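Chemist: One structure, pasted below without further comment.
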Amino acid sequence: MLSPLLERRISTFKDLQQIHAQLITTGLIHHPPHLTKLLSHTLSNSLSYACTLFKHTHPQHYNTILYNTIIRGLVDHNSPEHAILSYVEMLLQELLPDRFTYPSLLKACAQLLALNVGKALHGQAVRFGLDCDLYIETTLITMYAACGDVNSAREVFDRMGDQKTRNLVVWTSMISGYVKNQSPREALALVSEMERQGQVPDEVTMVSALSACGDLKDLSCGKKLHLHIERSKMKVCVVLGTAIVDMYAKCGDLKSARQVFDAMHERNVVAWSAMISGYARNNRSGEAIKTFDKMVRESDQKPNEVTIMAVLSACAQSGNSTLGSWVDSYIHKARLSRTINLQNTLMDMYAKCGRIDNARQIFNYMPEKDIVSWNTMIAGLALHGLGEQALALFSQMQSQGVRPDDITFIGVLSACSHAGLVEEGRRLYADMTAKHGIEPKLEHYGCMVDILSRAGLLPEAEEFIEAMPMEPNGAAWGALLSGCRVHNNVEIAERAAKHLMRIEPNNDGIYVLLSNIFAGRKQWEEVKKVRILMHERGIRKTPGCSSVIVDGIFHEFIVGDHSHPESEDVYDYVIQRLRLAGYVADTSEVVLNIDEEEKGDSVSQHSEKMAVCFGLMKTKPGDELLIMKNLRMCGDCHSAFKYISKVFARVIVVRDRSRFHRFVDGSCSCRDYW
DNA sequence: TTCCCAGAAG
């Protein structure tokens, strides 16, 4: 019989202290079951108090059950190291572990990703004859899978089969193990297998199965599972609901994801984060930001690091530095810890929002940097055409003993390409394999083709593609085709376009580029052929779309957009001023009209021109303008922007599809090399 | 005592 003292409801720390004192005065504290019960009550309230209580227990009262209790408590309170240490202490006291000891210990190993400790514990469990315990076997599977050794997990699972002891939880552990180890196909195969063997998956199994469908982007499989969940009337708790939302989002079906999200009875921070990052991942930054706004305003859930990273990536995508800075200050206010990941994401956001100086500041002040920090900063500088700075950082990184990886080289090579550093690019490319032992991937080949093509070394670029050891992708041929546009090479362009049309038949950009190349040479018949081909294949040109931020608010302009009539008057005025300064419209890039209705496709109505005029009109003289464009800037707009920066004495920053242009006093940071 | 949801650089 336990003391009635311990049957009382304990709800405060004070209750615990009182009971502890009473157990001492009554001497019941020396009775191990009382002590154990008190310890487990204490653990659910305060870990440190429980540890104190444990330490002050007289050694003669220590027993296996007491140790099991403290070990389990430590694991539940995320102190796996202390749990393992307590176990060692237990062995030193010559107390033997039992079948309740190992599940907690194995869980601790899973948390620590300590495969070797886990293996040692497995060995001990075998020696103690405990390895055939269902709970221990289940946690062995979980531990091995968490530590990345899915084969050992499977061995444990398979051995259990011989004894016909696999229950639902065991199946689920193995399925989730596959999902955690990027083996979604094996996970789904095991779900089918368990059903064949007469086990019925439950809510927990479904969570892992949905996650596997998301990883595979297998919408039809995911839908089947969702239907099964509805038909079998499973209870859709937050976790299962979030798993469904996440599955739809990963499969790109944001509409279904949102429907499920809206129908959830309860939404925690994970559910919100899944919805927000789902939008962000699918390039729906506007909706990601709206959802974040709703979370902050309408829910009682506080954004955490994951939420913040998702919303920052949405800010980066849309160039929304206003919200980005707000989030930056939110991190301060909410006292979120500035982890390396979080700072890397902030840095990326600032770089992609045109605020490279802010990015650099974060980078410089980071107390600790990882490879991602260096890569992000190098890529950011590359994006801004600051090739020399990017290469300087690359040297600095190596002198600090940080080994570059394959992504670092994508950054430095793209820095060379944006800054026209051909020889440096060649040298880096050669060093990558020779000195750093990194085999070039598709992305690196793409960068090299880009470097050579932009520099006008088109035959060499073409040979480079032909010599690739793998099938070249669209990016490689696309870089060559863009180079052909800049350097007016029809022959190579036609070959590149042919390959591109095979690889990316629905990419409208190919047709537009090719047509521009023909137009540049006044080969109107060929332009017409491209137009017809495009029409036949049902491909429509993506409309140019630009936005300008005025007082923190986004204003969007689509090519030929007349929704801001006042900016048209300003437009005429601006062009007049530019003409006086010597600007002549360059119409060589006649963009093909798919049908005659699309009259908006003349250079004069390009979205970036309309956006800049709106910006000039709505901001104070001298204010810097930031313009974001979904496509690449055309030559005429580039030239017009140079004039505008001089005539109106404005700094204009443009983020186009591939990089930043900074126009100051009649010239551009890209030095007309883009 | 065992199983489950969100996550960065290209």
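Letters for chains follow the order of the structure tokens (A, B, ...), residue numbers begin at 1 for each chain, and ligand numbers begin at 1 in the order shown.
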For a quick test of understanding: name the residues of chain A lying within 8 Å of chain B when counting only C-alpha atoms (C1' of nucleotides), and present them as a VMD selection string.
Modeler: chain A and resid 100 103 to 104 134 to 136 138 to 139 169 to 173 176 203 to 205 207 to 208 238 to 243 246 270 to 274 277 306 to 307 309 to 310 341 344 to 345 372 to 373 375 to 376 379 407 410 to 411 443
Chemist: Region 219-465 of chain A: which residues are alpha helix (DSSP H) by DSSP, as a VMD selection string?
Modeler: chain A and resid 219 to 231 238 to 250 254 to 263 269 to 281 285 to 298 305 to 318 321 to 333 340 to 352 356 to 365 371 to 383 387 to 399 406 to 419 422 to 434 442 to 454 458 to 465
Chemist: Pick out each residue of region 411-613 of chain A that DSSP on the backbone tags as strand (DSSP E or B); I need them as a count of residues only.
Modeler: 12
Chemist: Can you pull out every residue within 12 Å of Gln93 (chain A), counting only C-alpha atoms (C1' of nucleotides), but drop anything in the same chain fewer than 3 positions away, and send it as an NGL selection string?
Modeler: :A and (59-64 or 67 or 86-90 or 96-97)
Chemist: Would you write out those residues with C-alpha atoms, as a CSV table (one decimal), in the first residue's frame?
Modeler:
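File written: selection_13.csv
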```
chain,number,residue,atom,x,y,z
A,59,PRO,CA,22.4,4.8,-1.6
A,60,GLN,CA,20.8,1.9,0.1
A,61,HIS,CA,17.5,2.9,-1.4
A,62,TYR,CA,18.7,3.0,-4.9
A,63,ASN,CA,17.2,0.2,-7.0
A,64,THR,CA,16.6,-0.5,-10.7
A,67,TYR,CA,17.0,4.4,-11.9
A,86,SER,CA,22.7,7.8,-15.0
A,87,TYR,CA,22.7,4.4,-16.6
A,88,VAL,CA,26.5,4.2,-16.2
A,89,GLU,CA,26.1,5.2,-12.6
A,90,MET,CA,23.5,2.5,-12.2
A,96,LEU,CA,21.1,-4.7,-13.2
A,97,PRO,CA,19.1,-3.1,-16.0
```
Chemist: Could you list, as a ChimeraX atom specification, every residue within 6 Å of region 657-672 of chain A, counting only C-alpha atoms (C1' of nucleotides) and ignoring same-chain residues fewer than 6 positions away?
Modeler: /A:383-384,630-632,642-643,645-646,651
Chemist: Which residue gives the smallest distance to Ile558 (chain A) among A:Glu423, A:Asp636, A:Glu439, A:Glu608, with only C-alpha atoms counted?
Modeler: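 Once distances to Ile558 (chain A) are computed over only C-alpha atoms, the minimum belongs to A:Glu608.
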Chemist: Expressed in Å to a single decimal, how great is the separation between CA of Met247 (chain A) and CA of Gly214 (chain A)?
Modeler: 4.4 Å
